[in-house]
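Right, one structure below, let's go through it.
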Amino acid sequence: MSKNKVVFGFKNVHIAFMDEDAQEQPAWKTPVKIPGAVSFAPSPEGDTNTFYADDTQYFVYTSNNGYTGELTMANLPDEILAEMFDWEIDDNGMLVEVADAKPKKFALMGEVQGDQRKRRFVFYSVQASRPTLERNTKAESVEPSTVALPVTISPIEINGKMIVKGDIELSETNKTVFDSFFNEVYLPTITPEA
């Protein structure tokens, strides 16, 4: 249970590309830290269906189809963009956008602050669309440009459950897991009820 009244800030963005050779359970490569987190705004996707009977809302079903949103960064390294979109880097270091390339899925990880405790998160199955790049002229003061990366976050089956994301808040009992959170994509451990 969260001890925070509010959360704020955004940092420690990591991307872990899915291991396409994994057989049974999904697996990810080692997370890579991407400096320059600016903002992340995921919006829920899914419908609510209501069935009426006896002159009331008899049954309400809400589907969870993940999220869509935008990850804004100060910059994204060419190596990350090349792997994310299956683009290429030529012999002279130029990033080449390949029109018929197939984007790769990845886990998106990050951290927010709280008034009491830090909170880390992971979205397990993310696919990005080509980023929007700002290019502005320099005026009296220099205002850095950003990279806006549209993302679609989908549910993924892990240990027999359809999972979208996980959030973990630092506590006395999970310090080891919290401290190593960005070393690999953390999979939920849920003890079945008796």
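We name chains A, B, ... following the order of the structure tokens; residues begin at 1 in each chain, and ligands are numbered from 1 as shown.
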Determine, counting only C-alpha atoms, which protein, DNA and RNA residues have an atom within 7 Å of an atom of region 108-120 of chain A; residues of the same chain fewer than 2 positions away are not included. Present the result as a PyMOL selection string. chain A and resi 3-16+106+122-124+126+167-170
Any chance you can output those residues with N, CA and C atoms as a PDB file, in the first residue's frame?
```pdb
ATOM      1  N   LYS A   3       2.476   4.762   0.712  1.00  0.00           N
ATOM      2  CA  LYS A   3       2.592   5.677   1.847  1.00  0.00           C
ATOM      3  C   LYS A   3       2.601   7.128   1.370  1.00  0.00           C
ATOM      4  N   ASN A   4       2.659   7.339   0.051  1.00  0.00           N
ATOM      5  CA  ASN A   4       2.750   8.691  -0.493  1.00  0.00           C
ATOM      6  C   ASN A   4       1.381   9.357  -0.579  1.00  0.00           C
ATOM      7  N   LYS A   5       1.362  10.639  -0.298  1.00  0.00           N
ATOM      8  CA  LYS A   5       0.162  11.440  -0.551  1.00  0.00           C
ATOM      9  C   LYS A   5       0.191  11.973  -1.976  1.00  0.00           C
ATOM     10  N   VAL A   6       1.394  12.275  -2.471  1.00  0.00           N
ATOM     11  CA  VAL A   6       1.558  12.788  -3.831  1.00  0.00           C
ATOM     12  C   VAL A   6       2.813  12.189  -4.440  1.00  0.00           C
ATOM     13  N   VAL A   7       2.853  12.148  -5.763  1.00  0.00           N
ATOM     14  CA  VAL A   7       4.069  11.782  -6.483  1.00  0.00           C
ATOM     15  C   VAL A   7       4.413  12.913  -7.437  1.00  0.00           C
ATOM     16  N   PHE A   8       5.685  13.028  -7.772  1.00  0.00           N
ATOM     17  CA  PHE A   8       6.157  14.105  -8.638  1.00  0.00           C
ATOM     18  C   PHE A   8       7.484  13.689  -9.238  1.00  0.00           C
ATOM     19  N   GLY A   9       7.928  14.445 -10.209  1.00  0.00           N
ATOM     20  CA  GLY A   9       9.210  14.156 -10.849  1.00  0.00           C
ATOM     21  C   GLY A   9       9.124  12.966 -11.789  1.00  0.00           C
ATOM     22  N   PHE A  10      10.165  12.779 -12.551  1.00  0.00           N
ATOM     23  CA  PHE A  10      10.244  11.679 -13.514  1.00  0.00           C
ATOM     24  C   PHE A  10      11.698  11.526 -13.919  1.00  0.00           C
ATOM     25  N   LYS A  11      12.275  10.327 -13.673  1.00  0.00           N
ATOM     26  CA  LYS A  11      13.686  10.113 -13.995  1.00  0.00           C
ATOM     27  C   LYS A  11      13.962   8.624 -14.129  1.00  0.00           C
ATOM     28  N   ASN A  12      15.215   8.297 -14.358  1.00  0.00           N
ATOM     29  CA  ASN A  12      15.682   6.907 -14.439  1.00  0.00           C
ATOM     30  C   ASN A  12      14.949   6.081 -15.500  1.00  0.00           C
ATOM     31  N   VAL A  13      14.745   6.642 -16.664  1.00  0.00           N
ATOM     32  CA  VAL A  13      14.113   5.880 -17.747  1.00  0.00           C
ATOM     33  C   VAL A  13      15.075   4.794 -18.224  1.00  0.00           C
ATOM     34  N   HIS A  14      14.567   3.593 -18.307  1.00  0.00           N
ATOM     35  CA  HIS A  14      15.305   2.446 -18.845  1.00  0.00           C
ATOM     36  C   HIS A  14      14.451   1.764 -19.897  1.00  0.00           C
ATOM     37  N   ILE A  15      15.100   1.221 -20.912  1.00  0.00           N
ATOM     38  CA  ILE A  15      14.424   0.436 -21.940  1.00  0.00           C
ATOM     39  C   ILE A  15      15.084  -0.934 -21.984  1.00  0.00           C
ATOM     40  N   ALA A  16      14.251  -1.973 -21.960  1.00  0.00           N
ATOM     41  CA  ALA A  16      14.749  -3.350 -22.067  1.00  0.00           C
ATOM     42  C   ALA A  16      14.034  -4.005 -23.245  1.00  0.00           C
ATOM     43  N   PHE A 106       9.440  -3.578 -26.272  1.00  0.00           N
ATOM     44  CA  PHE A 106      10.370  -3.393 -25.161  1.00  0.00           C
ATOM     45  C   PHE A 106       9.594  -3.118 -23.880  1.00  0.00           C
ATOM     46  N   VAL A 122       7.250  -0.356 -14.252  1.00  0.00           N
ATOM     47  CA  VAL A 122       7.595  -1.038 -15.494  1.00  0.00           C
ATOM     48  C   VAL A 122       6.323  -1.278 -16.285  1.00  0.00           C
ATOM     49  N   PHE A 123       6.349  -0.909 -17.552  1.00  0.00           N
ATOM     50  CA  PHE A 123       5.320  -1.277 -18.523  1.00  0.00           C
ATOM     51  C   PHE A 123       5.958  -2.382 -19.366  1.00  0.00           C
ATOM     52  N   TYR A 124       5.334  -3.554 -19.407  1.00  0.00           N
ATOM     53  CA  TYR A 124       5.995  -4.753 -19.912  1.00  0.00           C
ATOM     54  C   TYR A 124       6.043  -4.884 -21.433  1.00  0.00           C
ATOM     55  N   VAL A 126       5.700  -2.666 -24.728  1.00  0.00           N
ATOM     56  CA  VAL A 126       5.594  -1.334 -25.322  1.00  0.00           C
ATOM     57  C   VAL A 126       6.101  -1.383 -26.757  1.00  0.00           C
ATOM     58  N   ASP A 167       3.996  -1.319 -10.431  1.00  0.00           N
ATOM     59  CA  ASP A 167       4.573  -0.209  -9.679  1.00  0.00           C
ATOM     60  C   ASP A 167       5.066  -0.758  -8.349  1.00  0.00           C
ATOM     61  N   ILE A 168       6.232  -0.326  -7.913  1.00  0.00           N
ATOM     62  CA  ILE A 168       6.758  -0.761  -6.617  1.00  0.00           C
ATOM     63  C   ILE A 168       7.267   0.458  -5.871  1.00  0.00           C
ATOM     64  N   GLU A 169       6.857   0.541  -4.613  1.00  0.00           N
ATOM     65  CA  GLU A 169       7.268   1.641  -3.758  1.00  0.00           C
ATOM     66  C   GLU A 169       8.226   1.101  -2.713  1.00  0.00           C
ATOM     67  N   LEU A 170       9.299   1.804  -2.492  1.00  0.00           N
ATOM     68  CA  LEU A 170      10.310   1.371  -1.533  1.00  0.00           C
ATOM     69  C   LEU A 170       9.689   1.181  -0.153  1.00  0.00           C
TER      70      LEU A 170
END
```
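The smallest atom-to-atom distance between Leu95 (chain A) and any of A:Ala107, A:Ala37, A:Leu76, A:Leu71, using only C-alpha atoms, is found for A:Leu76.
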Contacts of Ala99 (chain A) within 12 Å, only C-alpha atoms, excl. fewer than 2 positions in-chain, as an MDAnalysis selection string: chainID A and resid 85:88 96:97 101:103 130
Deliver the residues from the most recent selection as a file, using C-alpha atoms, as a compact mmCIF listing (two decimals), in the first residue's frame.
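Output saved as result_27.txt:
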```
# COMPACT_ATOMS: atom_id res chain seq x y z
CA PHE A 85 12.75 0.59 -35.07
CA ASP A 86 15.04 -1.92 -36.79
CA TRP A 87 16.81 0.94 -38.52
CA GLU A 88 20.50 0.88 -39.42
CA VAL A 96 19.35 5.40 -41.51
CA GLU A 97 15.55 5.24 -41.24
CA ALA A 101 11.53 -2.03 -40.94
CA LYS A 102 9.54 -3.67 -38.14
CA PRO A 103 9.65 -1.97 -34.71
CA ARG A 130 8.41 7.06 -35.13
```
Which region 96-129 of chain A residues have any atom within 6 Å of an atom of region 149-153 of chain A, and for each, what is the nearest pair of atoms with distance in Å to one decimal, counting only C-alpha atoms, rows sorted by chain and number, as JSON lines?
```
{"residue": "A:Ser125", "atom": "CA", "partner": "A:Ile153", "partner_atom": "CA", "distance": 5.7}
{"residue": "A:Val126", "atom": "CA", "partner": "A:Ile153", "partner_atom": "CA", "distance": 4.5}
{"residue": "A:Gln127", "atom": "CA", "partner": "A:Thr152", "partner_atom": "CA", "distance": 5.4}
{"residue": "A:Ala128", "atom": "CA", "partner": "A:Val151", "partner_atom": "CA", "distance": 4.3}
{"residue": "A:Ser129", "atom": "CA", "partner": "A:Pro150", "partner_atom": "CA", "distance": 5.4}
```
Write the residues you've just listed into a file as a compact mmCIF listing (two decimals), in the first residue's frame, and include N, CA and C atoms for each of them.
```
# COMPACT_ATOMS: atom_id res chain seq x y z
N SER A 125 5.01 -4.45 -22.14
CA SER A 125 4.96 -4.65 -23.59
C SER A 125 4.65 -3.34 -24.30
N VAL A 126 5.70 -2.67 -24.73
CA VAL A 126 5.59 -1.33 -25.32
C VAL A 126 6.10 -1.38 -26.76
N GLN A 127 5.39 -0.70 -27.63
CA GLN A 127 5.87 -0.54 -29.01
C GLN A 127 5.77 0.94 -29.37
N ALA A 128 6.82 1.45 -29.94
CA ALA A 128 6.88 2.88 -30.27
C ALA A 128 6.59 3.11 -31.74
N SER A 129 6.06 4.29 -32.02
CA SER A 129 5.94 4.79 -33.39
C SER A 129 7.07 5.79 -33.60
```
Using only C-alpha atoms, can you tell me which of A:Glu140, A:Glu83, A:Glu134, A:Glu172 comes closest to Met18 (chain A)? A:Glu83
From the DSSP assignment of the backbone, select every residue of region 7-67 of chain A that is strand (DSSP E or B), and format the answer as a PyMOL selection string. chain A and resi 7-18+28+32-33+37-44+48-53+56-62+67
Run DSSP on the backbone and tell me which residues of chain A come out as alpha helix (DSSP H); list them as number ranges by chain. A: 78-85, 175-179
Please dump the current selection as a PDB file, in the first residue's frame; keep N, CA and C atoms.
```pdb
ATOM      1  N   ASP A  78      21.200   7.171 -30.943  1.00  0.00           N
ATOM      2  CA  ASP A  78      21.014   6.512 -32.241  1.00  0.00           C
ATOM      3  C   ASP A  78      20.952   4.993 -32.104  1.00  0.00           C
ATOM      4  N   GLU A  79      21.758   4.432 -31.195  1.00  0.00           N
ATOM      5  CA  GLU A  79      21.780   2.976 -31.031  1.00  0.00           C
ATOM      6  C   GLU A  79      20.430   2.457 -30.538  1.00  0.00           C
ATOM      7  N   ILE A  80      19.782   3.219 -29.672  1.00  0.00           N
ATOM      8  CA  ILE A  80      18.461   2.837 -29.163  1.00  0.00           C
ATOM      9  C   ILE A  80      17.421   2.945 -30.273  1.00  0.00           C
ATOM     10  N   LEU A  81      17.442   4.051 -31.016  1.00  0.00           N
ATOM     11  CA  LEU A  81      16.500   4.215 -32.129  1.00  0.00           C
ATOM     12  C   LEU A  81      16.681   3.124 -33.173  1.00  0.00           C
ATOM     13  N   ALA A  82      17.937   2.780 -33.468  1.00  0.00           N
ATOM     14  CA  ALA A  82      18.204   1.746 -34.470  1.00  0.00           C
ATOM     15  C   ALA A  82      17.623   0.408 -34.038  1.00  0.00           C
ATOM     16  N   GLU A  83      17.803   0.038 -32.774  1.00  0.00           N
ATOM     17  CA  GLU A  83      17.249  -1.241 -32.315  1.00  0.00           C
ATOM     18  C   GLU A  83      15.738  -1.177 -32.175  1.00  0.00           C
ATOM     19  N   MET A  84      15.221  -0.065 -31.679  1.00  0.00           N
ATOM     20  CA  MET A  84      13.793   0.088 -31.449  1.00  0.00           C
ATOM     21  C   MET A  84      12.988  -0.034 -32.741  1.00  0.00           C
ATOM     22  N   PHE A  85      13.498   0.560 -33.813  1.00  0.00           N
ATOM     23  CA  PHE A  85      12.751   0.593 -35.073  1.00  0.00           C
ATOM     24  C   PHE A  85      13.334  -0.307 -36.155  1.00  0.00           C
ATOM     25  N   LYS A 175      13.445  -3.691  -0.033  1.00  0.00           N
ATOM     26  CA  LYS A 175      14.614  -2.869  -0.381  1.00  0.00           C
ATOM     27  C   LYS A 175      15.530  -3.553  -1.391  1.00  0.00           C
ATOM     28  N   THR A 176      15.762  -4.849  -1.246  1.00  0.00           N
ATOM     29  CA  THR A 176      16.651  -5.565  -2.169  1.00  0.00           C
ATOM     30  C   THR A 176      16.088  -5.551  -3.582  1.00  0.00           C
ATOM     31  N   VAL A 177      14.793  -5.853  -3.718  1.00  0.00           N
ATOM     32  CA  VAL A 177      14.149  -5.850  -5.039  1.00  0.00           C
ATOM     33  C   VAL A 177      14.120  -4.434  -5.600  1.00  0.00           C
ATOM     34  N   PHE A 178      13.777  -3.464  -4.764  1.00  0.00           N
ATOM     35  CA  PHE A 178      13.703  -2.069  -5.215  1.00  0.00           C
ATOM     36  C   PHE A 178      15.061  -1.580  -5.700  1.00  0.00           C
ATOM     37  N   ASP A 179      16.115  -1.857  -4.936  1.00  0.00           N
ATOM     38  CA  ASP A 179      17.453  -1.379  -5.292  1.00  0.00           C
ATOM     39  C   ASP A 179      17.978  -2.006  -6.584  1.00  0.00           C
TER      40      ASP A 179
END
```
Non-local contacts of Ile158 (chain A) (7 Å; only C-alpha atoms; under 4 positions in same chain excluded) as an NGL selection string: :A and (25-26 or 162-163)
Can you write out the residues you just picked, keeping N, CA and C atoms, as a compact mmCIF listing (two decimals), in the first residue's frame?
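again_37.txt, freshly written:
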```txt
# COMPACT_ATOMS: atom_id res chain seq x y z
N GLN A 25 7.99 -18.25 -21.40
CA GLN A 25 7.63 -16.98 -20.78
C GLN A 25 8.32 -15.84 -21.53
N PRO A 26 7.71 -14.65 -21.53
CA PRO A 26 8.42 -13.51 -22.12
C PRO A 26 9.71 -13.23 -21.37
N MET A 162 -2.77 -11.87 -17.68
CA MET A 162 -2.54 -10.77 -18.62
C MET A 162 -2.13 -9.55 -17.80
N ILE A 163 -0.89 -9.13 -17.97
CA ILE A 163 -0.29 -8.06 -17.17
C ILE A 163 0.01 -6.86 -18.08
```
Need the shell around Tyr67 (chain A): protein/DNA/RNA residues with any atom at most 8 Å away, counting only C-alpha atoms. Skip same-chain ones fewer than 5 positions apart. Format as an mmCIF file with C-alpha atoms, in the first residue's frame?
```
data_model
loop_
_atom_site.group_PDB
_atom_site.id
_atom_site.type_symbol
_atom_site.label_atom_id
_atom_site.label_comp_id
_atom_site.auth_asym_id
_atom_site.auth_seq_id
_atom_site.Cartn_x
_atom_site.Cartn_y
_atom_site.Cartn_z
ATOM 1 C CA PRO A 42 0.056 7.294 -20.751
ATOM 2 C CA SER A 43 -3.734 7.312 -21.258
ATOM 3 C CA PRO A 44 -5.816 4.196 -20.524
ATOM 4 C CA GLU A 45 -7.275 2.265 -23.470
ATOM 5 C CA THR A 152 1.349 1.839 -27.420
ATOM 6 C CA ILE A 153 1.361 -0.314 -24.292
ATOM 7 C CA SER A 154 -0.373 -3.686 -24.544
#
```
Which residues, written as a CSV table (one decimal) with N, CA and C atoms, in the first residue's frame, have at least one atom at most 6 Å from Ala148 (chain A), with only C-alpha atoms counted and residues fewer than 4 positions away on the same chain left out?
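Saved to out_34.csv:
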```csv
chain,number,residue,atom,x,y,z
A,71,LEU,N,6.2,9.5,-24.7
A,71,LEU,CA,7.4,9.6,-23.8
A,71,LEU,C,8.2,10.7,-24.4
A,72,THR,N,8.5,11.7,-23.7
A,72,THR,CA,9.3,12.9,-24.1
A,72,THR,C,10.6,12.8,-23.4
A,131,PRO,N,9.4,8.8,-33.8
A,131,PRO,CA,9.3,10.0,-32.9
A,131,PRO,C,9.1,11.3,-33.7
A,132,THR,N,8.6,12.3,-32.9
A,132,THR,CA,8.4,13.6,-33.4
A,132,THR,C,9.7,14.4,-32.9
```
Which distance in Å separates CA of Val164 (chain A) and CA of Phe17 (chain A), to one decimal? 15.8 Å
Residue with the minimum atom-to-atom distance to Pro155 (chain A), picked from A:Gly36, A:Gly66, A:Pro31, A:Gly46 with only C-alpha atoms counted, is A:Gly66
